[in-house]
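Colleague: Next comes the structure file upload24.cif, holding mmCIF, C-alpha atoms.
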data_input
#
loop_
_atom_site.group_PDB
_atom_site.id
_atom_site.type_symbol
_atom_site.label_atom_id
_atom_site.label_comp_id
_atom_site.auth_asym_id
_atom_site.auth_seq_id
_atom_site.Cartn_x
_atom_site.Cartn_y
_atom_site.Cartn_z
ATOM 1 C CA MET A 212 -19.008 131.811 -92.722
ATOM 2 C CA GLU A 213 -21.554 134.179 -91.193
ATOM 3 C CA ARG A 214 -23.243 131.257 -89.420
ATOM 4 C CA GLU A 215 -19.852 130.121 -88.077
ATOM 5 C CA ASP A 216 -19.028 133.638 -86.882
ATOM 6 C CA PHE A 217 -22.347 133.791 -85.092
ATOM 7 C CA TYR A 218 -21.855 130.384 -83.462
ATOM 8 C CA ASN A 219 -18.416 131.383 -82.153
ATOM 9 C CA ARG A 220 -19.339 134.887 -81.020
ATOM 10 C CA ARG A 221 -18.779 135.946 -77.427
ATOM 11 C CA PRO A 222 -22.251 136.635 -76.040
ATOM 12 C CA GLY A 223 -22.866 140.207 -75.064
ATOM 13 C CA MET A 224 -25.079 141.269 -72.202
ATOM 14 C CA ILE A 225 -28.514 142.726 -72.873
ATOM 15 C CA GLY A 226 -28.639 146.241 -71.439
ATOM 16 C CA GLU A 227 -24.834 146.429 -71.134
ATOM 17 C CA ARG A 228 -24.719 149.796 -72.881
ATOM 18 C CA ASN A 229 -26.735 151.268 -70.009
ATOM 19 C CA PHE A 230 -24.087 150.284 -67.445
ATOM 20 C CA SER A 231 -21.165 152.407 -66.253
ATOM 21 C CA GLN A 232 -18.077 150.278 -66.834
ATOM 22 C CA TYR A 233 -15.222 150.131 -64.324
ATOM 23 C CA ALA A 234 -12.134 147.951 -63.909
ATOM 24 C CA VAL A 235 -9.968 147.234 -60.862
ATOM 25 C CA LEU A 236 -6.816 145.299 -60.017
ATOM 26 C CA ALA A 237 -6.984 142.906 -57.089
ATOM 27 C CA ILE A 238 -3.280 143.165 -56.346
ATOM 28 C CA LEU A 239 -1.170 140.520 -54.652
ATOM 29 C CA VAL A 240 2.047 141.670 -52.985
ATOM 30 C CA ASP A 241 4.703 139.663 -51.191
ATOM 31 C CA THR A 242 5.093 141.136 -47.705
ATOM 32 C CA ALA A 243 7.822 140.275 -45.186
ATOM 33 C CA THR A 244 5.650 137.485 -43.790
ATOM 34 C CA GLU A 245 3.198 136.235 -46.441
ATOM 35 C CA PRO A 246 1.256 137.119 -49.601
ATOM 36 C CA ALA A 247 -1.320 139.845 -49.118
ATOM 37 C CA LEU A 248 -3.913 141.870 -50.990
ATOM 38 C CA LEU A 249 -3.237 145.584 -51.407
ATOM 39 C CA PHE A 250 -5.939 148.153 -50.697
ATOM 40 C CA GLU A 251 -6.299 151.906 -51.042
ATOM 41 C CA LYS A 252 -8.067 154.395 -48.819
ATOM 42 C CA ARG A 253 -9.563 156.954 -51.162
ATOM 43 C CA SER A 254 -8.785 160.603 -50.602
ATOM 44 C CA ALA A 255 -11.327 162.510 -48.509
ATOM 45 C CA THR A 256 -11.358 165.239 -51.167
ATOM 46 C CA LEU A 257 -12.795 163.039 -53.928
ATOM 47 C CA ASN A 258 -16.378 163.613 -55.005
ATOM 48 C CA ARG A 259 -17.139 159.913 -55.355
ATOM 49 C CA GLN A 260 -16.805 157.585 -52.348
ATOM 50 C CA PRO A 261 -14.359 159.744 -50.346
ATOM 51 C CA GLY A 262 -12.554 157.834 -47.604
ATOM 52 C CA GLU A 263 -13.724 154.428 -48.845
ATOM 53 C CA ILE A 264 -11.451 151.386 -49.004
ATOM 54 C CA CYS A 265 -11.103 149.910 -52.477
ATOM 55 C CA PHE A 266 -8.844 148.265 -55.028
ATOM 56 C CA PRO A 267 -6.982 150.519 -57.465
ATOM 57 C CA GLY A 268 -8.950 151.109 -60.643
ATOM 58 C CA GLY A 269 -11.506 153.340 -62.253
ATOM 59 C CA ARG A 270 -13.825 154.016 -65.150
ATOM 60 C CA LEU A 271 -13.091 152.826 -68.659
ATOM 61 C CA GLU A 272 -12.156 155.509 -71.155
ATOM 62 C CA GLU A 273 -13.352 155.551 -74.761
ATOM 63 C CA GLY A 274 -11.870 152.675 -76.764
ATOM 64 C CA GLU A 275 -10.188 151.142 -73.705
ATOM 65 C CA THR A 276 -10.447 147.501 -72.678
ATOM 66 C CA PRO A 277 -11.186 146.691 -69.025
ATOM 67 C CA GLN A 278 -7.666 145.322 -68.518
ATOM 68 C CA GLU A 279 -6.092 148.441 -70.041
ATOM 69 C CA ALA A 280 -8.208 150.640 -67.772
ATOM 70 C CA ALA A 281 -7.295 148.678 -64.639
ATOM 71 C CA ILE A 282 -3.595 148.885 -65.434
ATOM 72 C CA ARG A 283 -3.688 152.594 -66.359
ATOM 73 C CA GLU A 284 -5.557 153.554 -63.199
ATOM 74 C CA THR A 285 -3.233 151.468 -61.030
ATOM 75 C CA MET A 286 -0.143 153.076 -62.526
ATOM 76 C CA GLU A 287 -1.626 156.547 -61.905
ATOM 77 C CA GLU A 288 -2.819 155.862 -58.373
ATOM 78 C CA LEU A 289 0.132 153.832 -57.062
ATOM 79 C CA LEU A 290 2.880 155.587 -59.087
ATOM 80 C CA VAL A 291 4.206 152.326 -60.524
ATOM 81 C CA ASP A 292 5.535 151.287 -63.930
ATOM 82 C CA ARG A 293 3.834 148.857 -66.280
ATOM 83 C CA GLY A 294 6.715 146.427 -65.875
ATOM 84 C CA GLN A 295 5.939 146.021 -62.170
ATOM 85 C CA ILE A 296 2.450 144.684 -62.895
ATOM 86 C CA GLU A 297 1.921 141.042 -63.844
ATOM 87 C CA ILE A 298 -1.649 140.178 -64.773
ATOM 88 C CA LEU A 299 -2.512 136.658 -63.656
ATOM 89 C CA GLY A 300 -5.969 136.660 -65.182
ATOM 90 C CA PRO A 301 -9.513 138.024 -64.985
ATOM 91 C CA GLY A 302 -11.690 137.833 -61.934
ATOM 92 C CA ASP A 303 -15.451 137.412 -62.107
ATOM 93 C CA VAL A 304 -17.375 140.470 -63.273
ATOM 94 C CA PHE A 305 -19.400 142.241 -60.603
ATOM 95 C CA ILE A 306 -22.780 143.623 -61.702
ATOM 96 C CA SER A 307 -24.614 145.892 -59.293
ATOM 97 C CA PRO A 308 -28.340 146.657 -59.361
ATOM 98 C CA PHE A 309 -27.337 150.299 -59.745
ATOM 99 C CA ASN A 310 -26.206 150.126 -63.391
ATOM 100 C CA MET A 311 -22.545 149.505 -62.607
ATOM 101 C CA MET A 312 -20.332 146.775 -64.037
ATOM 102 C CA ILE A 313 -16.897 146.185 -62.505
ATOM 103 C CA HIS A 314 -14.257 144.069 -64.229
ATOM 104 C CA PRO A 315 -11.663 142.773 -61.706
ATOM 105 C CA PHE A 316 -8.258 141.425 -62.697
ATOM 106 C CA ILE A 317 -5.961 139.553 -60.343
ATOM 107 C CA ALA A 318 -2.373 140.760 -60.561
ATOM 108 C CA ILE A 319 0.994 140.690 -58.838
ATOM 109 C CA LEU A 320 2.745 143.977 -58.096
ATOM 110 C CA ARG A 321 6.497 143.627 -57.738
ATOM 111 C CA ASP A 322 9.090 145.944 -56.140
ATOM 112 C CA TYR A 323 6.405 148.267 -54.791
ATOM 113 C CA ASN A 324 7.609 150.999 -52.432
ATOM 114 C CA TYR A 325 4.101 151.849 -51.170
ATOM 115 C CA GLY A 326 3.959 155.224 -52.848
ATOM 116 C CA PHE A 327 0.703 156.697 -54.154
ATOM 117 C CA SER A 328 -0.874 159.781 -55.702
ATOM 118 C CA HIS A 329 -2.064 162.012 -52.876
ATOM 119 C CA GLU A 330 -4.665 163.561 -55.180
ATOM 120 C CA GLU A 331 -6.615 160.305 -55.276
ATOM 121 C CA VAL A 332 -5.325 158.150 -52.443
ATOM 122 C CA ALA A 333 -5.046 158.894 -48.713
ATOM 123 C CA ASP A 334 -3.184 155.708 -47.784
ATOM 124 C CA VAL A 335 -2.457 152.114 -48.812
ATOM 125 C CA PHE A 336 -2.334 148.986 -46.672
ATOM 126 C CA THR A 337 -2.206 145.213 -47.020
ATOM 127 C CA VAL A 338 -4.261 142.360 -45.612
ATOM 128 C CA PRO A 339 -2.897 138.795 -45.677
ATOM 129 C CA VAL A 340 -4.757 136.551 -48.098
ATOM 130 C CA ARG A 341 -4.820 134.005 -45.283
ATOM 131 C CA TYR A 342 -7.009 136.351 -43.229
ATOM 132 C CA PHE A 343 -9.744 136.284 -45.864
ATOM 133 C CA GLN A 344 -9.390 132.529 -46.251
ATOM 134 C CA GLU A 345 -9.963 132.093 -42.515
ATOM 135 C CA HIS A 346 -12.651 134.762 -42.011
ATOM 136 C CA ALA A 347 -15.850 134.774 -44.037
ATOM 137 C CA PRO A 348 -17.499 138.153 -44.582
ATOM 138 C CA LYS A 349 -20.544 139.167 -42.590
ATOM 139 C CA LYS A 350 -23.475 139.358 -44.980
ATOM 140 C CA TYR A 351 -26.452 141.694 -44.937
ATOM 141 C CA PHE A 352 -29.213 142.103 -47.488
ATOM 142 C CA ASN A 353 -30.935 145.172 -48.868
ATOM 143 C CA HIS A 354 -34.369 144.498 -50.301
ATOM 144 C CA LEU A 355 -35.099 145.846 -53.763
ATOM 145 C CA SER A 356 -38.551 146.813 -54.976
ATOM 146 C CA HIS A 357 -40.145 148.346 -58.064
ATOM 147 C CA GLU A 358 -41.175 151.993 -58.412
ATOM 148 C CA GLN A 359 -42.936 152.649 -61.688
ATOM 149 C CA PRO A 360 -43.125 156.082 -63.360
ATOM 150 C CA LYS A 361 -46.408 157.991 -63.178
ATOM 151 C CA ASP A 362 -47.171 157.298 -66.839
ATOM 152 C CA PHE A 363 -46.506 153.554 -66.612
ATOM 153 C CA PRO A 364 -49.015 151.713 -68.878
ATOM 154 C CA TYR A 365 -50.638 149.467 -66.279
ATOM 155 C CA GLU A 366 -53.482 148.812 -68.696
ATOM 156 C CA CYS A 367 -51.045 146.841 -70.886
ATOM 157 C CA ILE A 368 -50.121 144.208 -68.305
ATOM 158 C CA PRO A 369 -52.202 141.483 -66.610
ATOM 159 C CA GLY A 370 -53.504 142.632 -63.255
ATOM 160 C CA GLY A 371 -52.747 146.298 -63.876
ATOM 161 C CA LYS A 372 -51.628 148.057 -60.711
ATOM 162 C CA ASN A 373 -52.011 144.777 -58.831
ATOM 163 C CA TYR A 374 -49.397 143.002 -60.937
ATOM 164 C CA PRO A 375 -47.287 140.762 -58.631
ATOM 165 C CA TRP A 376 -43.844 142.270 -59.205
ATOM 166 C CA VAL A 377 -40.908 140.089 -58.234
ATOM 167 C CA LYS A 378 -38.861 141.536 -55.385
ATOM 168 C CA GLY A 379 -35.134 141.045 -55.084
ATOM 169 C CA LYS A 380 -32.372 141.452 -52.561
ATOM 170 C CA TYR A 381 -28.879 142.855 -52.782
ATOM 171 C CA GLU A 382 -26.059 141.278 -50.764
ATOM 172 C CA ILE A 383 -23.682 143.588 -48.892
ATOM 173 C CA ASN A 384 -20.506 142.069 -47.440
ATOM 174 C CA PHE A 385 -18.334 143.349 -44.585
ATOM 175 C CA TYR A 386 -14.800 142.391 -43.529
ATOM 176 C CA SER A 387 -13.207 143.923 -40.434
ATOM 177 C CA TYR A 388 -9.411 143.880 -40.242
ATOM 178 C CA LYS A 389 -7.737 145.680 -37.334
ATOM 179 C CA GLU A 390 -9.064 149.253 -37.547
ATOM 180 C CA ASP A 391 -10.313 149.010 -41.110
ATOM 181 C CA VAL A 392 -13.633 147.921 -42.583
ATOM 182 C CA ILE A 393 -13.766 146.625 -46.145
ATOM 183 C CA TRP A 394 -17.344 146.524 -47.311
ATOM 184 C CA GLY A 395 -19.771 146.714 -50.203
ATOM 185 C CA MET A 396 -18.643 146.066 -53.758
ATOM 186 C CA THR A 397 -14.988 145.799 -52.758
ATOM 187 C CA ALA A 398 -15.736 143.167 -50.126
ATOM 188 C CA THR A 399 -17.791 141.181 -52.616
ATOM 189 C CA ILE A 400 -14.928 141.281 -55.119
ATOM 190 C CA VAL A 401 -12.518 140.245 -52.338
ATOM 191 C CA GLU A 402 -14.619 137.181 -51.548
ATOM 192 C CA SER A 403 -14.694 136.152 -55.216
ATOM 193 C CA THR A 404 -10.989 136.890 -55.689
ATOM 194 C CA VAL A 405 -9.935 134.797 -52.701
ATOM 195 C CA GLU A 406 -12.000 131.878 -54.017
ATOM 196 C CA LEU A 407 -10.223 132.128 -57.387
ATOM 197 C CA ILE A 408 -6.812 132.414 -55.708
ATOM 198 C CA GLY A 409 -7.455 129.156 -53.881
ATOM 199 C CA LYS A 410 -9.046 127.357 -56.828
ATOM 200 C CA TYR A 411 -6.178 128.163 -59.215
ATOM 201 C CA HIS A 412 -3.365 128.091 -56.612
ATOM 202 C CA LEU A 413 -2.324 131.640 -57.524
ATOM 203 C CA LEU A 414 -0.282 132.247 -54.378
ATOM 204 C CA THR A 415 2.437 130.030 -55.838
ATOM 205 C CA GLU A 416 3.020 132.804 -58.379
ATOM 206 C CA VAL A 417 3.750 135.486 -55.779
#
If you took the structure in this file and wrote it as structure tokens, what would it be?

Modeller:
Amino acid sequence: MEREDFYNRRPGMIGERNFSQYAVLAILVDTATEPALLFEKRSATLNRQPGEICFPGGRLEEGETPQEAAIRETMEELLVDRGQIEILGPGDVFISPFNMMIHPFIAILRDYNYGFSHEEVADVFTVPVRYFQEHAPKKYFNHLSHEQPKDFPYECIPGGKNYPWVKGKYEINFYSYKEDVIWGMTATIVESTVELIGKYHLLTEV
């Protein structure tokens, strides 16, 4: 039985405990013209990412699943009831090189009156899904390099201080819609979400 349990286990991620875990809802709403994604502009008074455009969501609390966290944060930020939220399914997890893991979920929000908590949110707005389907994000790349601590044991590795460290790059996406710019992690999640919406024909649910 132990062997069977091991075979059927869901693989974890090495180093996962060192990541800050967040969850967001990529929300679909039915506007007067067509299905759209809902975005927040974060309050300028927040300590973290003030004024940024993002999906509703936040950090996981102790004992909370990513889906529970995404729903709780959305209810708090958009002042909606649980019954208004229909989870369609999970998006693809975003892992940043800065020890952050974001769990997106694609959802429909029904009967939304566009209210929000002014403590956390400055405004909300929608962008038609069709816009993202017709406009690819502009992509830029940050280059990542290694910086070892002063006491790094170079004597333990081949080549010592001349070891040929692998360098990486970090993709940063930008969407411009009217007066707003959606960029960074949110834009990357948008690109993935729109691909999933098309692949699984999720707009038929809205």

Colleague: Between A:Thr244, A:Asn324, A:Asn258, A:Gln232, which one has atoms that come closest to Glu272 in chain A, using all atoms listed in the file?

Modeller: A:Gln232

Colleague: Closest to Glu330 in chain A among A:Ala234, A:Arg228, A:Tyr411, A:Leu290, using only C-alpha atoms?

Modeller: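 Checking each candidate against Glu330 in chain A, we get A:Leu290 as the closest.
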
Colleague: Could you state which residues are captured by the PyMOL selection byres ((chain A and resi 259-270) around 8) in this file, as a ChimeraX atom specification?

Modeller: /A:231-238,249-258,271-272,280-285,288-289,333,392-394,397

Colleague: Here's a test: counting all atoms listed in the file, identify every protein, DNA and RNA residue with an atom at most 10 Å from (-32.3, 146.2, -49.7) in the file's coordinate frame, and state them as a PyMOL selection string.

Modeller: chain A and resi 351-356+378-383

Colleague: Can you measure CA of Gly326 in chain A to CA of Pro246 in chain A for me? One decimal in Å is fine.

Modeller: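 For CA of Gly326 in chain A relative to CA of Pro246 in chain A, the distance reads 18.6 Å.
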
Colleague: Measuring between only C-alpha atoms, which one of A:Asn219, A:Asn229, A:Asn384, A:Ser328 shows the shortest distance to Val401 in chain A?

Modeller: A:Asn384

Colleague: May I have the protein, DNA and RNA residues with any atom at most 10 Å from the point (-20.8, 145.0, -62.4), counting only C-alpha atoms, written as number ranges by chain?

Modeller: A: 227, 230-234, 303-315, 396

Colleague: Hey, what comes out of the PyMOL selection byres ((chain A and resi 296) around 7) on this file? Could you write it as a ChimeraX atom specification?

Modeller: /A:293-295,297-298,318-321

Colleague: Missing atoms in range 367-402 of chain A: fill them in up to N, CA and C atoms and send the result as a JSON list (two decimals), keeping the file's coordinate frame.

Modeller:
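Contents of out-v8.json, as written:
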[["chain", "number", "residue", "atom", "x", "y", "z"],
["A", 367, "CYS", "N", -51.63, 147.77, -69.92],
["A", 367, "CYS", "CA", -51.04, 146.84, -70.89],
["A", 367, "CYS", "C", -50.57, 145.53, -70.26],
["A", 368, "ILE", "N", -50.65, 145.42, -68.95],
["A", 368, "ILE", "CA", -50.12, 144.21, -68.31],
["A", 368, "ILE", "C", -51.23, 143.53, -67.50],
["A", 369, "PRO", "N", -51.18, 142.20, -67.38],
["A", 369, "PRO", "CA", -52.20, 141.48, -66.61],
["A", 369, "PRO", "C", -52.21, 141.94, -65.15],
["A", 370, "GLY", "N", -53.38, 142.23, -64.65],
["A", 370, "GLY", "CA", -53.50, 142.63, -63.26],
["A", 370, "GLY", "C", -53.36, 144.12, -63.02],
["A", 371, "GLY", "N", -52.89, 144.85, -64.02],
["A", 371, "GLY", "CA", -52.75, 146.30, -63.88],
["A", 371, "GLY", "C", -51.88, 146.68, -62.69],
["A", 372, "LYS", "N", -52.39, 147.59, -61.87],
["A", 372, "LYS", "CA", -51.63, 148.06, -60.71],
["A", 372, "LYS", "C", -51.43, 146.96, -59.66],
["A", 373, "ASN", "N", -52.15, 145.89, -59.78],
["A", 373, "ASN", "CA", -52.01, 144.78, -58.83],
["A", 373, "ASN", "C", -51.08, 143.69, -59.35],
["A", 374, "TYR", "N", -50.32, 144.00, -60.38],
["A", 374, "TYR", "CA", -49.40, 143.00, -60.94],
["A", 374, "TYR", "C", -48.40, 142.55, -59.85],
["A", 375, "PRO", "N", -48.17, 141.26, -59.71],
["A", 375, "PRO", "CA", -47.29, 140.76, -58.63],
["A", 375, "PRO", "C", -45.80, 140.87, -59.00],
["A", 376, "TRP", "N", -45.25, 142.05, -58.86],
["A", 376, "TRP", "CA", -43.84, 142.27, -59.20],
["A", 376, "TRP", "C", -42.93, 141.40, -58.34],
["A", 377, "VAL", "N", -41.90, 140.87, -58.97],
["A", 377, "VAL", "CA", -40.91, 140.09, -58.23],
["A", 377, "VAL", "C", -40.00, 141.04, -57.46],
["A", 378, "LYS", "N", -39.76, 140.73, -56.21],
["A", 378, "LYS", "CA", -38.86, 141.54, -55.38],
["A", 378, "LYS", "C", -37.52, 140.83, -55.26],
["A", 379, "GLY", "N", -36.47, 141.61, -55.19],
["A", 379, "GLY", "CA", -35.13, 141.04, -55.08],
["A", 379, "GLY", "C", -34.42, 141.51, -53.84],
["A", 380, "LYS", "N", -33.20, 141.00, -53.67],
["A", 380, "LYS", "CA", -32.37, 141.45, -52.56],
["A", 380, "LYS", "C", -30.94, 141.60, -53.04],
["A", 381, "TYR", "N", -30.23, 142.48, -52.39],
["A", 381, "TYR", "CA", -28.88, 142.85, -52.78],
["A", 381, "TYR", "C", -27.94, 142.59, -51.61],
["A", 382, "GLU", "N", -26.97, 141.69, -51.83],
["A", 382, "GLU", "CA", -26.06, 141.28, -50.76],
["A", 382, "GLU", "C", -24.98, 142.32, -50.53],
["A", 383, "ILE", "N", -24.74, 142.65, -49.27],
["A", 383, "ILE", "CA", -23.68, 143.59, -48.89],
["A", 383, "ILE", "C", -22.76, 142.89, -47.90],
["A", 384, "ASN", "N", -21.49, 142.77, -48.26],
["A", 384, "ASN", "CA", -20.51, 142.07, -47.44],
["A", 384, "ASN", "C", -19.66, 143.04, -46.62],
["A", 385, "PHE", "N", -19.20, 142.57, -45.46],
["A", 385, "PHE", "CA", -18.33, 143.35, -44.58],
["A", 385, "PHE", "C", -17.19, 142.47, -44.08],
["A", 386, "TYR", "N", -15.97, 142.97, -44.20],
["A", 386, "TYR", "CA", -14.80, 142.39, -43.53],
["A", 386, "TYR", "C", -14.25, 143.45, -42.58],
["A", 387, "SER", "N", -13.89, 143.04, -41.38],
["A", 387, "SER", "CA", -13.21, 143.92, -40.43],
["A", 387, "SER", "C", -11.80, 143.40, -40.22],
["A", 388, "TYR", "N", -10.81, 144.27, -40.44],
["A", 388, "TYR", "CA", -9.41, 143.88, -40.24],
["A", 388, "TYR", "C", -8.71, 144.99, -39.47],
["A", 389, "LYS", "N", -8.32, 144.68, -38.23],
["A", 389, "LYS", "CA", -7.74, 145.68, -37.33],
["A", 389, "LYS", "C", -8.68, 146.88, -37.25],
["A", 390, "GLU", "N", -8.23, 148.06, -37.66],
["A", 390, "GLU", "CA", -9.06, 149.25, -37.55],
["A", 390, "GLU", "C", -9.86, 149.54, -38.81],
["A", 391, "ASP", "N", -9.72, 148.72, -39.81],
["A", 391, "ASP", "CA", -10.31, 149.01, -41.11],
["A", 391, "ASP", "C", -11.52, 148.11, -41.40],
["A", 392, "VAL", "N", -12.47, 148.66, -42.14],
["A", 392, "VAL", "CA", -13.63, 147.92, -42.58],
["A", 392, "VAL", "C", -13.67, 147.95, -44.10],
["A", 393, "ILE", "N", -13.66, 146.77, -44.70],
["A", 393, "ILE", "CA", -13.77, 146.62, -46.14],
["A", 393, "ILE", "C", -15.18, 146.13, -46.41],
["A", 394, "TRP", "N", -15.94, 146.88, -47.18],
["A", 394, "TRP", "CA", -17.34, 146.52, -47.31],
["A", 394, "TRP", "C", -17.86, 146.80, -48.72],
["A", 395, "GLY", "N", -19.10, 146.40, -48.95],
["A", 395, "GLY", "CA", -19.77, 146.71, -50.20],
["A", 395, "GLY", "C", -19.19, 145.97, -51.39],
["A", 396, "MET", "N", -19.11, 146.67, -52.52],
["A", 396, "MET", "CA", -18.64, 146.07, -53.76],
["A", 396, "MET", "C", -17.23, 145.52, -53.61],
["A", 397, "THR", "N", -16.37, 146.26, -52.92],
["A", 397, "THR", "CA", -14.99, 145.80, -52.76],
["A", 397, "THR", "C", -14.95, 144.50, -51.98],
["A", 398, "ALA", "N", -15.73, 144.40, -50.92],
["A", 398, "ALA", "CA", -15.74, 143.17, -50.13],
["A", 398, "ALA", "C", -16.28, 141.99, -50.93],
["A", 399, "THR", "N", -17.25, 142.24, -51.78],
["A", 399, "THR", "CA", -17.79, 141.18, -52.62],
["A", 399, "THR", "C", -16.75, 140.70, -53.62],
["A", 400, "ILE", "N", -15.99, 141.64, -54.19],
["A", 400, "ILE", "CA", -14.93, 141.28, -55.12],
["A", 400, "ILE", "C", -13.81, 140.55, -54.38],
["A", 401, "VAL", "N", -13.52, 140.95, -53.15],
["A", 401, "VAL", "CA", -12.52, 140.24, -52.34],
["A", 401, "VAL", "C", -12.92, 138.78, -52.16],
["A", 402, "GLU", "N", -14.16, 138.55, -51.78],
["A", 402, "GLU", "CA", -14.62, 137.18, -51.55],
["A", 402, "GLU", "C", -14.45, 136.33, -52.81]]
